[in-house]
$ cat input_36.pdb   # PDB, C-alpha atoms and all ligand atoms
ATOM      1  CA  MET U 258      59.544 -11.453  70.077  1.00  0.00           C
ATOM      2  CA  ALA U 259      55.772 -11.466  69.672  1.00  0.00           C
ATOM      3  CA  GLU U 260      54.537 -11.912  66.150  1.00  0.00           C
ATOM      4  CA  PHE U 261      52.541  -8.692  66.038  1.00  0.00           C
ATOM      5  CA  LEU U 262      55.766  -6.736  65.791  1.00  0.00           C
ATOM      6  CA  GLN U 263      56.459  -8.331  62.454  1.00  0.00           C
ATOM      7  CA  LEU U 264      52.958  -9.000  61.158  1.00  0.00           C
ATOM      8  CA  ASN U 265      50.958  -5.920  61.932  1.00  0.00           C
ATOM      9  CA  PRO U 266      52.782  -2.768  60.872  1.00  0.00           C
ATOM     10  CA  GLN U 267      49.553  -0.771  61.206  1.00  0.00           C
ATOM     11  CA  LEU U 268      49.451  -1.636  64.916  1.00  0.00           C
ATOM     12  CA  LYS U 269      52.804  -0.017  65.415  1.00  0.00           C
ATOM     13  CA  GLY U 270      50.944   3.223  64.855  1.00  0.00           C
ATOM     14  CA  ILE U 271      53.493   4.543  62.393  1.00  0.00           C
ATOM     15  CA  GLY U 272      51.968   7.625  60.874  1.00  0.00           C
ATOM     16  CA  PHE U 273      50.805   8.938  64.203  1.00  0.00           C
ATOM     17  CA  THR U 274      54.276   9.134  65.652  1.00  0.00           C
ATOM     18  CA  SER U 275      57.214   8.870  63.326  1.00  0.00           C
ATOM     19  CA  GLN U 276      59.726   6.073  63.601  1.00  0.00           C
ATOM     20  CA  ARG U 277      62.295   8.855  64.069  1.00  0.00           C
ATOM     21  CA  THR U 278      60.681   9.947  67.336  1.00  0.00           C
ATOM     22  CA  ARG U 279      60.879   6.383  68.641  1.00  0.00           C
ATOM     23  CA  ASN U 280      64.433   5.904  67.452  1.00  0.00           C
ATOM     24  CA  ARG U 281      65.380   9.052  69.342  1.00  0.00           C
ATOM     25  CA  MET U 282      63.864   7.593  72.499  1.00  0.00           C
ATOM     26  CA  VAL U 283      65.898   4.425  72.008  1.00  0.00           C
ATOM     27  CA  GLU U 284      69.108   6.406  71.379  1.00  0.00           C
ATOM     28  CA  ARG U 285      68.486   8.218  74.655  1.00  0.00           C
ATOM     29  CA  LEU U 286      67.984   4.931  76.483  1.00  0.00           C
ATOM     30  CA  ILE U 287      71.324   3.679  75.159  1.00  0.00           C
ATOM     31  CA  GLN U 288      73.001   6.864  76.402  1.00  0.00           C
ATOM     32  CA  GLN U 289      71.370   6.304  79.788  1.00  0.00           C
ATOM     33  CA  GLY U 290      72.979   2.867  79.988  1.00  0.00           C
ATOM     34  CA  ILE U 291      70.327   0.424  78.732  1.00  0.00           C
ATOM     35  CA  THR U 292      72.216  -2.340  76.912  1.00  0.00           C
ATOM     36  CA  ASP U 293      69.816  -5.248  76.320  1.00  0.00           C
ATOM     37  CA  GLY U 294      69.164  -5.369  72.573  1.00  0.00           C
ATOM     38  CA  ARG U 295      65.861  -7.221  72.962  1.00  0.00           C
ATOM     39  CA  VAL U 296      64.468  -4.537  75.257  1.00  0.00           C
ATOM     40  CA  LEU U 297      65.648  -1.735  72.975  1.00  0.00           C
ATOM     41  CA  GLU U 298      64.212  -3.409  69.891  1.00  0.00           C
ATOM     42  CA  ALA U 299      60.828  -4.041  71.523  1.00  0.00           C
ATOM     43  CA  LEU U 300      60.683  -0.421  72.728  1.00  0.00           C
ATOM     44  CA  ARG U 301      61.504   0.776  69.228  1.00  0.00           C
ATOM     45  CA  HIS U 302      58.332  -0.902  67.971  1.00  0.00           C
ATOM     46  CA  LEU U 303      55.834  -0.896  70.816  1.00  0.00           C
ATOM     47  CA  PRO U 304      53.339   1.981  70.349  1.00  0.00           C
ATOM     48  CA  ARG U 305      53.656   3.712  73.715  1.00  0.00           C
ATOM     49  CA  HIS U 306      51.222   6.450  72.632  1.00  0.00           C
ATOM     50  CA  LEU U 307      48.373   3.910  72.502  1.00  0.00           C
ATOM     51  CA  PHE U 308      48.726   3.464  76.287  1.00  0.00           C
ATOM     52  CA  LEU U 309      47.909   7.099  77.045  1.00  0.00           C
ATOM     53  CA  ASP U 310      44.812   9.243  76.737  1.00  0.00           C
ATOM     54  CA  GLU U 311      44.681  11.074  73.419  1.00  0.00           C
ATOM     55  CA  ALA U 312      45.469  14.449  74.961  1.00  0.00           C
ATOM     56  CA  LEU U 313      48.839  13.142  76.188  1.00  0.00           C
ATOM     57  CA  ALA U 314      49.678  10.811  73.330  1.00  0.00           C
ATOM     58  CA  HIS U 315      51.986  13.330  71.644  1.00  0.00           C
ATOM     59  CA  ARG U 316      54.270  13.180  74.703  1.00  0.00           C
ATOM     60  CA  ALA U 317      54.490   9.390  74.748  1.00  0.00           C
ATOM     61  CA  TYR U 318      58.128   9.152  73.600  1.00  0.00           C
ATOM     62  CA  GLU U 319      59.477  11.832  75.933  1.00  0.00           C
ATOM     63  CA  ASP U 320      61.784  10.864  78.754  1.00  0.00           C
ATOM     64  CA  THR U 321      59.190  11.357  81.436  1.00  0.00           C
ATOM     65  CA  ALA U 322      56.541   9.683  83.570  1.00  0.00           C
ATOM     66  CA  LEU U 323      52.985  10.515  82.417  1.00  0.00           C
ATOM     67  CA  PRO U 324      49.575  10.463  84.154  1.00  0.00           C
ATOM     68  CA  ILE U 325      47.180   7.638  83.217  1.00  0.00           C
ATOM     69  CA  GLY U 326      44.188   8.693  85.340  1.00  0.00           C
ATOM     70  CA  LEU U 327      42.994   7.911  88.878  1.00  0.00           C
ATOM     71  CA  GLY U 328      46.186   9.440  90.271  1.00  0.00           C
ATOM     72  CA  GLN U 329      48.415   6.794  88.674  1.00  0.00           C
ATOM     73  CA  THR U 330      51.383   7.166  86.332  1.00  0.00           C
ATOM     74  CA  LEU U 331      53.144   5.358  83.526  1.00  0.00           C
ATOM     75  CA  SER U 332      56.856   5.327  84.436  1.00  0.00           C
ATOM     76  CA  GLN U 333      59.457   7.041  82.279  1.00  0.00           C
ATOM     77  CA  PRO U 334      60.864   4.862  79.479  1.00  0.00           C
ATOM     78  CA  TYR U 335      64.253   4.566  81.207  1.00  0.00           C
ATOM     79  CA  ILE U 336      62.873   2.917  84.334  1.00  0.00           C
ATOM     80  CA  VAL U 337      60.579   0.586  82.345  1.00  0.00           C
ATOM     81  CA  ALA U 338      63.578  -0.454  80.238  1.00  0.00           C
ATOM     82  CA  ARG U 339      65.862  -0.874  83.253  1.00  0.00           C
ATOM     83  CA  MET U 340      63.421  -3.060  85.177  1.00  0.00           C
ATOM     84  CA  THR U 341      62.754  -5.186  82.094  1.00  0.00           C
ATOM     85  CA  GLU U 342      66.467  -5.637  81.442  1.00  0.00           C
ATOM     86  CA  LEU U 343      66.988  -6.776  85.059  1.00  0.00           C
ATOM     87  CA  LEU U 344      64.079  -9.191  84.699  1.00  0.00           C
ATOM     88  CA  LEU U 345      65.437 -10.757  81.487  1.00  0.00           C
ATOM     89  CA  GLU U 346      68.757 -11.549  83.201  1.00  0.00           C
ATOM     90  CA  VAL U 347      67.147 -14.620  84.799  1.00  0.00           C
ATOM     91  CA  GLN U 348      65.711 -15.783  81.423  1.00  0.00           C
ATOM     92  CA  PRO U 349      62.148 -16.075  82.684  1.00  0.00           C
ATOM     93  CA  ARG U 350      59.437 -18.033  80.880  1.00  0.00           C
ATOM     94  CA  LYS U 351      56.589 -17.048  83.207  1.00  0.00           C
ATOM     95  CA  VAL U 352      56.361 -13.668  84.932  1.00  0.00           C
ATOM     96  CA  LEU U 353      54.033 -11.681  87.158  1.00  0.00           C
ATOM     97  CA  GLU U 354      53.680  -7.907  87.081  1.00  0.00           C
ATOM     98  CA  ILE U 355      52.016  -6.155  90.017  1.00  0.00           C
ATOM     99  CA  GLY U 356      50.385  -2.840  89.063  1.00  0.00           C
ATOM    100  CA  THR U 357      49.123  -3.089  85.461  1.00  0.00           C
ATOM    101  CA  GLY U 358      48.249   0.621  85.165  1.00  0.00           C
ATOM    102  CA  SER U 359      48.163   1.520  81.473  1.00  0.00           C
ATOM    103  CA  GLY U 360      49.321  -1.957  80.476  1.00  0.00           C
ATOM    104  CA  PHE U 361      52.488  -0.665  78.795  1.00  0.00           C
ATOM    105  CA  GLN U 362      54.988  -2.545  80.957  1.00  0.00           C
ATOM    106  CA  CYS U 363      52.803  -5.617  80.643  1.00  0.00           C
ATOM    107  CA  ALA U 364      52.779  -5.304  76.828  1.00  0.00           C
ATOM    108  CA  LEU U 365      56.556  -4.938  76.781  1.00  0.00           C
ATOM    109  CA  LEU U 366      56.897  -8.088  78.869  1.00  0.00           C
ATOM    110  CA  ALA U 367      54.517  -9.885  76.514  1.00  0.00           C
ATOM    111  CA  CYS U 368      56.862  -9.086  73.611  1.00  0.00           C
ATOM    112  CA  LEU U 369      59.774 -10.727  75.446  1.00  0.00           C
ATOM    113  CA  VAL U 370      58.451 -13.492  77.729  1.00  0.00           C
ATOM    114  CA  PRO U 371      56.162 -16.421  76.745  1.00  0.00           C
ATOM    115  CA  GLU U 372      53.719 -16.164  79.670  1.00  0.00           C
ATOM    116  CA  VAL U 373      52.790 -12.921  81.412  1.00  0.00           C
ATOM    117  CA  TRP U 374      50.353 -12.315  84.276  1.00  0.00           C
ATOM    118  CA  SER U 375      49.560  -8.876  85.628  1.00  0.00           C
ATOM    119  CA  VAL U 376      47.361  -7.692  88.512  1.00  0.00           C
ATOM    120  CA  GLU U 377      45.693  -4.317  89.016  1.00  0.00           C
ATOM    121  CA  ARG U 378      43.511  -3.129  91.908  1.00  0.00           C
ATOM    122  CA  LEU U 379      41.621  -0.389  89.980  1.00  0.00           C
ATOM    123  CA  ASP U 380      39.066  -1.918  87.662  1.00  0.00           C
ATOM    124  CA  PRO U 381      38.722   1.027  85.200  1.00  0.00           C
ATOM    125  CA  LEU U 382      42.477   0.980  84.494  1.00  0.00           C
ATOM    126  CA  LEU U 383      42.422  -2.788  84.134  1.00  0.00           C
ATOM    127  CA  GLN U 384      39.596  -2.655  81.550  1.00  0.00           C
ATOM    128  CA  LYS U 385      41.470  -0.170  79.369  1.00  0.00           C
ATOM    129  CA  ALA U 386      44.749  -2.070  79.656  1.00  0.00           C
ATOM    130  CA  ARG U 387      43.044  -5.320  78.704  1.00  0.00           C
ATOM    131  CA  GLN U 388      41.563  -3.707  75.571  1.00  0.00           C
ATOM    132  CA  ARG U 389      44.971  -2.342  74.543  1.00  0.00           C
ATOM    133  CA  LEU U 390      46.601  -5.761  74.819  1.00  0.00           C
ATOM    134  CA  ARG U 391      43.758  -7.257  72.810  1.00  0.00           C
ATOM    135  CA  ASN U 392      44.137  -4.621  70.083  1.00  0.00           C
ATOM    136  CA  LEU U 393      47.839  -5.411  69.872  1.00  0.00           C
ATOM    137  CA  GLN U 394      47.087  -9.142  69.778  1.00  0.00           C
ATOM    138  CA  LEU U 395      49.295  -9.818  72.779  1.00  0.00           C
ATOM    139  CA  HIS U 396      47.391 -12.923  73.826  1.00  0.00           C
ATOM    140  CA  ASN U 397      50.172 -14.292  76.018  1.00  0.00           C
ATOM    141  CA  ALA U 398      49.489 -11.628  78.673  1.00  0.00           C
ATOM    142  CA  ARG U 399      46.540 -11.896  81.088  1.00  0.00           C
ATOM    143  CA  ILE U 400      45.359  -9.294  83.584  1.00  0.00           C
ATOM    144  CA  LYS U 401      43.579 -10.033  86.858  1.00  0.00           C
ATOM    145  CA  HIS U 402      41.676  -7.790  89.245  1.00  0.00           C
ATOM    146  CA  ALA U 403      43.310  -8.386  92.619  1.00  0.00           C
ATOM    147  CA  ASP U 404      45.357  -6.954  95.446  1.00  0.00           C
ATOM    148  CA  GLY U 405      48.925  -7.448  94.295  1.00  0.00           C
ATOM    149  CA  ASN U 406      50.215  -7.422  97.874  1.00  0.00           C
ATOM    150  CA  PHE U 407      49.340 -11.114  97.839  1.00  0.00           C
ATOM    151  CA  GLY U 408      50.743 -11.901  94.399  1.00  0.00           C
ATOM    152  CA  LEU U 409      48.862 -14.650  92.536  1.00  0.00           C
ATOM    153  CA  PRO U 410      49.343 -17.697  94.783  1.00  0.00           C
ATOM    154  CA  ASP U 411      47.189 -19.981  92.602  1.00  0.00           C
ATOM    155  CA  LEU U 412      49.425 -19.390  89.585  1.00  0.00           C
ATOM    156  CA  ALA U 413      52.800 -19.470  91.357  1.00  0.00           C
ATOM    157  CA  PRO U 414      55.660 -20.134  90.985  1.00  0.00           C
ATOM    158  CA  PHE U 415      56.905 -17.338  88.714  1.00  0.00           C
ATOM    159  CA  ASP U 416      60.393 -17.046  87.284  1.00  0.00           C
ATOM    160  CA  ALA U 417      60.264 -13.310  87.906  1.00  0.00           C
ATOM    161  CA  ILE U 418      57.965 -10.858  89.659  1.00  0.00           C
ATOM    162  CA  LEU U 419      58.077  -7.156  88.822  1.00  0.00           C
ATOM    163  CA  VAL U 420      56.271  -4.644  91.033  1.00  0.00           C
ATOM    164  CA  THR U 421      55.535  -1.191  89.563  1.00  0.00           C
ATOM    165  CA  ALA U 422      54.185   0.466  92.716  1.00  0.00           C
ATOM    166  CA  ALA U 423      56.166   0.910  95.924  1.00  0.00           C
ATOM    167  CA  PRO U 424      55.369  -0.905  99.179  1.00  0.00           C
ATOM    168  CA  ARG U 425      56.916   0.508 102.365  1.00  0.00           C
ATOM    169  CA  GLU U 426      58.277  -2.903 103.094  1.00  0.00           C
ATOM    170  CA  LEU U 427      58.612  -6.088 101.116  1.00  0.00           C
ATOM    171  CA  PRO U 428      55.153  -7.749 101.054  1.00  0.00           C
ATOM    172  CA  GLU U 429      55.352 -11.125 102.760  1.00  0.00           C
ATOM    173  CA  GLY U 430      54.546 -13.974 100.471  1.00  0.00           C
ATOM    174  CA  LEU U 431      55.904 -12.624  97.190  1.00  0.00           C
ATOM    175  CA  LEU U 432      59.231 -14.368  97.702  1.00  0.00           C
ATOM    176  CA  GLU U 433      57.397 -17.642  98.271  1.00  0.00           C
ATOM    177  CA  GLN U 434      55.878 -17.282  94.802  1.00  0.00           C
ATOM    178  CA  LEU U 435      59.303 -17.145  93.146  1.00  0.00           C
ATOM    179  CA  ALA U 436      60.676 -20.235  91.449  1.00  0.00           C
ATOM    180  CA  GLU U 437      64.194 -21.420  92.317  1.00  0.00           C
ATOM    181  CA  GLY U 438      66.579 -19.140  90.419  1.00  0.00           C
ATOM    182  CA  GLY U 439      63.841 -16.518  90.238  1.00  0.00           C
ATOM    183  CA  ARG U 440      64.037 -12.762  90.767  1.00  0.00           C
ATOM    184  CA  LEU U 441      61.744 -10.231  92.417  1.00  0.00           C
ATOM    185  CA  ILE U 442      62.222  -6.628  91.241  1.00  0.00           C
ATOM    186  CA  LEU U 443      60.548  -3.814  93.145  1.00  0.00           C
ATOM    187  CA  PRO U 444      60.830  -0.315  94.541  1.00  0.00           C
ATOM    188  CA  VAL U 445      60.769  -0.352  98.344  1.00  0.00           C
ATOM    189  CA  GLY U 446      60.229   2.616 100.633  1.00  0.00           C
ATOM    190  CA  ASP U 447      57.996   5.522 101.423  1.00  0.00           C
ATOM    191  CA  ARG U 448      59.225   8.934 100.237  1.00  0.00           C
ATOM    192  CA  GLU U 449      62.676   7.642  99.450  1.00  0.00           C
ATOM    193  CA  GLN U 450      62.450   4.447  97.487  1.00  0.00           C
ATOM    194  CA  MET U 451      65.137   2.053  96.345  1.00  0.00           C
ATOM    195  CA  LEU U 452      64.763  -0.203  93.319  1.00  0.00           C
ATOM    196  CA  SER U 453      65.772  -3.581  94.749  1.00  0.00           C
ATOM    197  CA  LEU U 454      66.313  -7.124  93.525  1.00  0.00           C
ATOM    198  CA  PHE U 455      65.701 -10.273  95.523  1.00  0.00           C
ATOM    199  CA  ASP U 456      67.205 -13.400  93.969  1.00  0.00           C
ATOM    200  CA  LYS U 457      66.241 -16.875  95.143  1.00  0.00           C
ATOM    201  CA  LYS U 458      69.242 -19.189  94.895  1.00  0.00           C
ATOM    202  CA  GLU U 459      69.389 -22.640  96.472  1.00  0.00           C
ATOM    203  CA  GLY U 460      66.650 -21.652  98.866  1.00  0.00           C
ATOM    204  CA  ARG U 461      68.483 -18.505  99.976  1.00  0.00           C
ATOM    205  CA  ILE U 462      67.490 -14.911  99.234  1.00  0.00           C
ATOM    206  CA  LEU U 463      70.106 -12.436  98.022  1.00  0.00           C
ATOM    207  CA  ARG U 464      69.209  -8.736  98.010  1.00  0.00           C
ATOM    208  CA  GLN U 465      70.776  -6.099  95.769  1.00  0.00           C
ATOM    209  CA  ASP U 466      69.949  -2.388  95.676  1.00  0.00           C
ATOM    210  CA  ILE U 467      70.018  -0.852  92.208  1.00  0.00           C
ATOM    211  CA  GLU U 468      69.138   2.865  92.282  1.00  0.00           C
ATOM    212  CA  PRO U 469      66.789   5.384  93.929  1.00  0.00           C
ATOM    213  CA  VAL U 470      63.397   5.654  92.193  1.00  0.00           C
ATOM    214  CA  ARG U 471      59.962   7.276  92.572  1.00  0.00           C
ATOM    215  CA  PHE U 472      56.821   5.206  92.169  1.00  0.00           C
ATOM    216  CA  VAL U 473      53.203   5.604  93.306  1.00  0.00           C
ATOM    217  CA  PRO U 474      52.510   3.634  96.507  1.00  0.00           C
ATOM    218  CA  LEU U 475      51.405   0.012  96.508  1.00  0.00           C
ATOM    219  CA  LEU U 476      48.022   0.334  98.222  1.00  0.00           C
ATOM    220  CA  PRO U 477      45.995  -2.278 100.090  1.00  0.00           C
ATOM    221  CA  GLY U 478      42.878  -3.934  98.680  1.00  0.00           C
ATOM    222  CA  ALA U 479      41.237  -4.090  95.233  1.00  0.00           C
ATOM    223  CA  GLU U 480      38.458  -1.637  94.281  1.00  0.00           C
ATOM    224  CA  LYS U 481      35.683  -1.538  91.729  1.00  0.00           C
TER     225      LYS U 481
HETATM  226  N1  LIG U 501      53.125  -0.664  85.158  1.00  0.00           N
HETATM  227  C1  LIG U 501      52.236   0.443  84.898  1.00  0.00           C
HETATM  228  C2  LIG U 501      52.483   1.632  85.808  1.00  0.00           C
HETATM  229  C3  LIG U 501      51.649   1.474  86.951  1.00  0.00           C
HETATM  230  S1  LIG U 501      51.440   2.720  88.147  1.00  0.00           S
HETATM  231  C4  LIG U 501      52.263   0.882  83.459  1.00  0.00           C
HETATM  232  O1  LIG U 501      53.033   0.325  82.680  1.00  0.00           O
HETATM  233  O2  LIG U 501      51.480   1.765  83.105  1.00  0.00           O
HETATM  234  C5  LIG U 501      51.111   1.604  89.491  1.00  0.00           C
HETATM  235  C6  LIG U 501      49.843   0.820  89.381  1.00  0.00           C
HETATM  236  O3  LIG U 501      49.798  -0.046  90.507  1.00  0.00           O
HETATM  237  C7  LIG U 501      48.574   1.667  89.446  1.00  0.00           C
HETATM  238  O4  LIG U 501      47.761   1.378  88.347  1.00  0.00           O
HETATM  239  C8  LIG U 501      47.928   1.243  90.763  1.00  0.00           C
HETATM  240  O5  LIG U 501      46.505   1.249  90.727  1.00  0.00           O
HETATM  241  C9  LIG U 501      48.466  -0.164  90.923  1.00  0.00           C
HETATM  242  N2  LIG U 501      48.437  -0.676  92.298  1.00  0.00           N
HETATM  243  C10 LIG U 501      48.705  -0.031  93.448  1.00  0.00           C
HETATM  244  N3  LIG U 501      48.565  -0.856  94.505  1.00  0.00           N
HETATM  245  C11 LIG U 501      48.185  -2.067  93.995  1.00  0.00           C
HETATM  246  C12 LIG U 501      47.875  -3.342  94.581  1.00  0.00           C
HETATM  247  N4  LIG U 501      47.919  -3.545  95.877  1.00  0.00           N
HETATM  248  N5  LIG U 501      47.541  -4.340  93.751  1.00  0.00           N
HETATM  249  C13 LIG U 501      47.481  -4.172  92.407  1.00  0.00           C
HETATM  250  N6  LIG U 501      47.761  -3.000  91.798  1.00  0.00           N
HETATM  251  C14 LIG U 501      48.110  -1.956  92.584  1.00  0.00           C
END

$ encode --input "input_36.pdb" --output "structure tokens"
Amino acid sequence: MAEFLQLNPQLKGIGFTSQRTRNRMVERLIQQGITDGRVLEALRHLPRHLFLDEALAHRAYEDTALPIGLGQTLSQPYIVARMTELLLEVQPRKVLEIGTGSGFQCALLACLVPEVWSVERLDPLLQKARQRLRNLQLHNARIKHADGNFGLPDLAPFDAILVTAAPRELPEGLLEQLAEGGRLILPVGDREQMLSLFDKKEGRILRQDIEPVRFVPLLPGAEK
């Protein structure tokens, strides 16, 4: 786990939200079926309220998705935890997230995986997310301004790719950026979306559907 969790108690933001509030969130996640101890422990410490605008910060540990501006949302804790747990199953050392948004999922990954890349198409969100990671001293995560539909071909292969916006269909090319034994995790669909896994094993792709979900759409292009 990243050192900041041990070294910088003030960064955990205790005092603003009590540890009790966070523990309650973690208890709820356990009831909802999250079992990976590393994910639960990181979520117990990561200051989710620092990834929201001040007016919404008091709702950070509720079991709900929250707006982060520009029509985008930070997913509810359960879905962030579930996707992270599925990602850790392949023991990744280098991962790519598509759709940085607030940077919360990216920060969680940075607590659990040595090398994290994330791409975001909206520059204002990217700037804020980058500052949050810097404040938390999560230097093993880097954010790029790009259209995630194309992944990050120059930095491939990745042991896992996690997409936090929903394409109608699987974007071509993402599977090519997976390492052997790697896993792509993403919601696919339009109004009805399915959280799906694509595992690359001995050159073959195995698909598994996990559960219905609701994400903002994966849009084309990167904007200023
Ligand atoms: N993982 C985020 C939640 C993101 S919401 C968090 O933890 O807060 C989905 C994000 O995907 C939005 O910020 C949206 O701008 C971004 N997005 C949508 N289409 C994209 C694309 N083609 N490339 C990169 N980012 C995209």

$ closest_residue --input "input_36.pdb" --among "U:Ile355, U:Leu432, U:Leu343, U:Leu393" --to "Gly405 in chain U" --atoms "only C-alpha atoms"
U:Ile355

$ residues_near_ligand --input "input_36.pdb" --ligand "ligand LIG 501 (chain U)" --cutoff "8 Å" --atoms "all atoms listed in the file" --output "JSON list (two decimals) with C-alpha atoms, in the coordinates of the input"
[["chain", "number", "residue", "atom", "x", "y", "z"],
["U", 308, "PHE", "CA", 48.73, 3.46, 76.29],
["U", 325, "ILE", "CA", 47.18, 7.64, 83.22],
["U", 327, "LEU", "CA", 42.99, 7.91, 88.88],
["U", 329, "GLN", "CA", 48.42, 6.79, 88.67],
["U", 330, "THR", "CA", 51.38, 7.17, 86.33],
["U", 331, "LEU", "CA", 53.14, 5.36, 83.53],
["U", 332, "SER", "CA", 56.86, 5.33, 84.44],
["U", 337, "VAL", "CA", 60.58, 0.59, 82.34],
["U", 354, "GLU", "CA", 53.68, -7.91, 87.08],
["U", 355, "ILE", "CA", 52.02, -6.16, 90.02],
["U", 356, "GLY", "CA", 50.38, -2.84, 89.06],
["U", 357, "THR", "CA", 49.12, -3.09, 85.46],
["U", 358, "GLY", "CA", 48.25, 0.62, 85.16],
["U", 359, "SER", "CA", 48.16, 1.52, 81.47],
["U", 360, "GLY", "CA", 49.32, -1.96, 80.48],
["U", 361, "PHE", "CA", 52.49, -0.66, 78.80],
["U", 362, "GLN", "CA", 54.99, -2.54, 80.96],
["U", 363, "CYS", "CA", 52.80, -5.62, 80.64],
["U", 376, "VAL", "CA", 47.36, -7.69, 88.51],
["U", 377, "GLU", "CA", 45.69, -4.32, 89.02],
["U", 378, "ARG", "CA", 43.51, -3.13, 91.91],
["U", 379, "LEU", "CA", 41.62, -0.39, 89.98],
["U", 382, "LEU", "CA", 42.48, 0.98, 84.49],
["U", 383, "LEU", "CA", 42.42, -2.79, 84.13],
["U", 402, "HIS", "CA", 41.68, -7.79, 89.24],
["U", 403, "ALA", "CA", 43.31, -8.39, 92.62],
["U", 404, "ASP", "CA", 45.36, -6.95, 95.45],
["U", 405, "GLY", "CA", 48.92, -7.45, 94.30],
["U", 406, "ASN", "CA", 50.22, -7.42, 97.87],
["U", 407, "PHE", "CA", 49.34, -11.11, 97.84],
["U", 420, "VAL", "CA", 56.27, -4.64, 91.03],
["U", 421, "THR", "CA", 55.54, -1.19, 89.56],
["U", 422, "ALA", "CA", 54.18, 0.47, 92.72],
["U", 423, "ALA", "CA", 56.17, 0.91, 95.92],
["U", 472, "PHE", "CA", 56.82, 5.21, 92.17],
["U", 473, "VAL", "CA", 53.20, 5.60, 93.31],
["U", 474, "PRO", "CA", 52.51, 3.63, 96.51],
["U", 475, "LEU", "CA", 51.40, 0.01, 96.51],
["U", 476, "LEU", "CA", 48.02, 0.33, 98.22],
["U", 477, "PRO", "CA", 46.00, -2.28, 100.09],
["U", 478, "GLY", "CA", 42.88, -3.93, 98.68],
["U", 479, "ALA", "CA", 41.24, -4.09, 95.23]]

$ resolve_selection --input "input_36.pdb" --expression "the PyMOL selection byres (((chain U and resi 466) around 9) and not hetatm)" --output "tab-separated table (two decimals) with C-alpha atoms, in the frame of the given file"
chain	number	residue	atom	x	y	z
U	451	MET	CA	65.14	2.05	96.34
U	452	LEU	CA	64.76	-0.20	93.32
U	453	SER	CA	65.77	-3.58	94.75
U	454	LEU	CA	66.31	-7.12	93.52
U	455	PHE	CA	65.70	-10.27	95.52
U	464	ARG	CA	69.21	-8.74	98.01
U	465	GLN	CA	70.78	-6.10	95.77
U	467	ILE	CA	70.02	-0.85	92.21
U	468	GLU	CA	69.14	2.86	92.28
U	469	PRO	CA	66.79	5.38	93.93

$ axis_aligned_box --input "input_36.pdb" --around "range 418-431 of chain U" --padding-each-side "8 Å" --output "AutoDock Vina command-line options"
--center_x 56.4 --center_y -6.5 --center_z 96.0 --size_x 20.4 --size_y 30.9 --size_z 30.3

$ residues_around --input "input_36.pdb" --residues "Leu300 in chain U" --least-positions-apart "5" --cutoff "8 Å" --atoms "only C-alpha atoms" --output "compact mmCIF listing (two decimals) with C-alpha atoms, in the coordinates of the input"
# COMPACT_ATOMS: atom_id res chain seq x y z
CA ARG U 279 60.88 6.38 68.64
CA VAL U 283 65.90 4.42 72.01
CA LEU U 365 56.56 -4.94 76.78

$ closest_residue --input "input_36.pdb" --among "U:Leu297, U:Leu286, U:Ile291, U:Val347" --to "Thr321 in chain U" --atoms "all atoms listed in the file"
U:Leu286

$ closest_residue --input "input_36.pdb" --among "U:Leu409, U:Val352, U:Cys368, U:Ala322" --to "Ala299 in chain U" --atoms "only C-alpha atoms"
U:Cys368

$ residues_around --input "input_36.pdb" --residues "His396 in chain U" --least-positions-apart "6" --cutoff "10 Å" --atoms "all atoms listed in the file" --output "list in words"
Ala259, Ala364, Ala367, Pro371, Glu372, Val373 and Leu390 of chain U

$ atom_distance --input "input_36.pdb" --atom1 "CA of Phe415 in chain U" --atom2 "CA of Leu435 in chain U"
5.0 Å

$ closest_residue --input "input_36.pdb" --among "U:Thr341, U:Gln394, U:Ser375, U:Gln434" --to "Arg295 in chain U" --atoms "all atoms listed in the file"
U:Thr341

$ resolve_selection --input "input_36.pdb" --expression "the PyMOL selection byres (((chain U and resi 456) around 7) and not hetatm)" --output "VMD selection string"
chain U and resid 438 to 441 454 to 455 457 to 458 462 to 464

$ residues_around --input "input_36.pdb" --residues "Met282 in chain U" --least-positions-apart "6" --cutoff "8 Å" --atoms "all atoms listed in the file" --output "ChimeraX atom specification"
/U:301,318-320

$ atom_distance --input "input_36.pdb" --atom1 "CA of Asn280 in chain U" --atom2 "CA of Asn397 in chain U"
26.2 Å

$ decode --input "input_36.pdb" --residues "range 281-301 of chain U" --atoms "C-alpha atoms" --output "mmCIF file, in the first residue's frame"
data_model
loop_
_atom_site.group_PDB
_atom_site.id
_atom_site.type_symbol
_atom_site.label_atom_id
_atom_site.label_comp_id
_atom_site.auth_asym_id
_atom_site.auth_seq_id
_atom_site.Cartn_x
_atom_site.Cartn_y
_atom_site.Cartn_z
ATOM 1 C CA ARG U 281 -19.469 2.547 8.338
ATOM 2 C CA MET U 282 -18.929 2.809 4.592
ATOM 3 C CA VAL U 283 -16.547 -0.144 4.732
ATOM 4 C CA GLU U 284 -18.987 -2.204 6.838
ATOM 5 C CA ARG U 285 -21.631 -1.544 4.196
ATOM 6 C CA LEU U 286 -19.277 -2.654 1.434
ATOM 7 C CA ILE U 287 -18.648 -5.923 3.275
ATOM 8 C CA GLN U 288 -22.406 -6.471 3.567
ATOM 9 C CA GLN U 289 -22.710 -5.808 -0.162
ATOM 10 C CA GLY U 290 -20.226 -8.599 -0.854
ATOM 11 C CA ILE U 291 -16.834 -6.884 -1.212
ATOM 12 C CA THR U 292 -14.267 -9.314 0.210
ATOM 13 C CA ASP U 293 -10.789 -8.121 -0.810
ATOM 14 C CA GLY U 294 -9.086 -6.901 2.367
ATOM 15 C CA ARG U 295 -6.643 -4.667 0.490
ATOM 16 C CA VAL U 296 -9.461 -2.802 -1.239
ATOM 17 C CA LEU U 297 -11.414 -2.410 1.999
ATOM 18 C CA GLU U 298 -8.367 -1.181 3.890
ATOM 19 C CA ALA U 299 -7.440 1.364 1.211
ATOM 20 C CA LEU U 300 -11.037 2.642 1.117
ATOM 21 C CA ARG U 301 -11.016 2.975 4.892
#
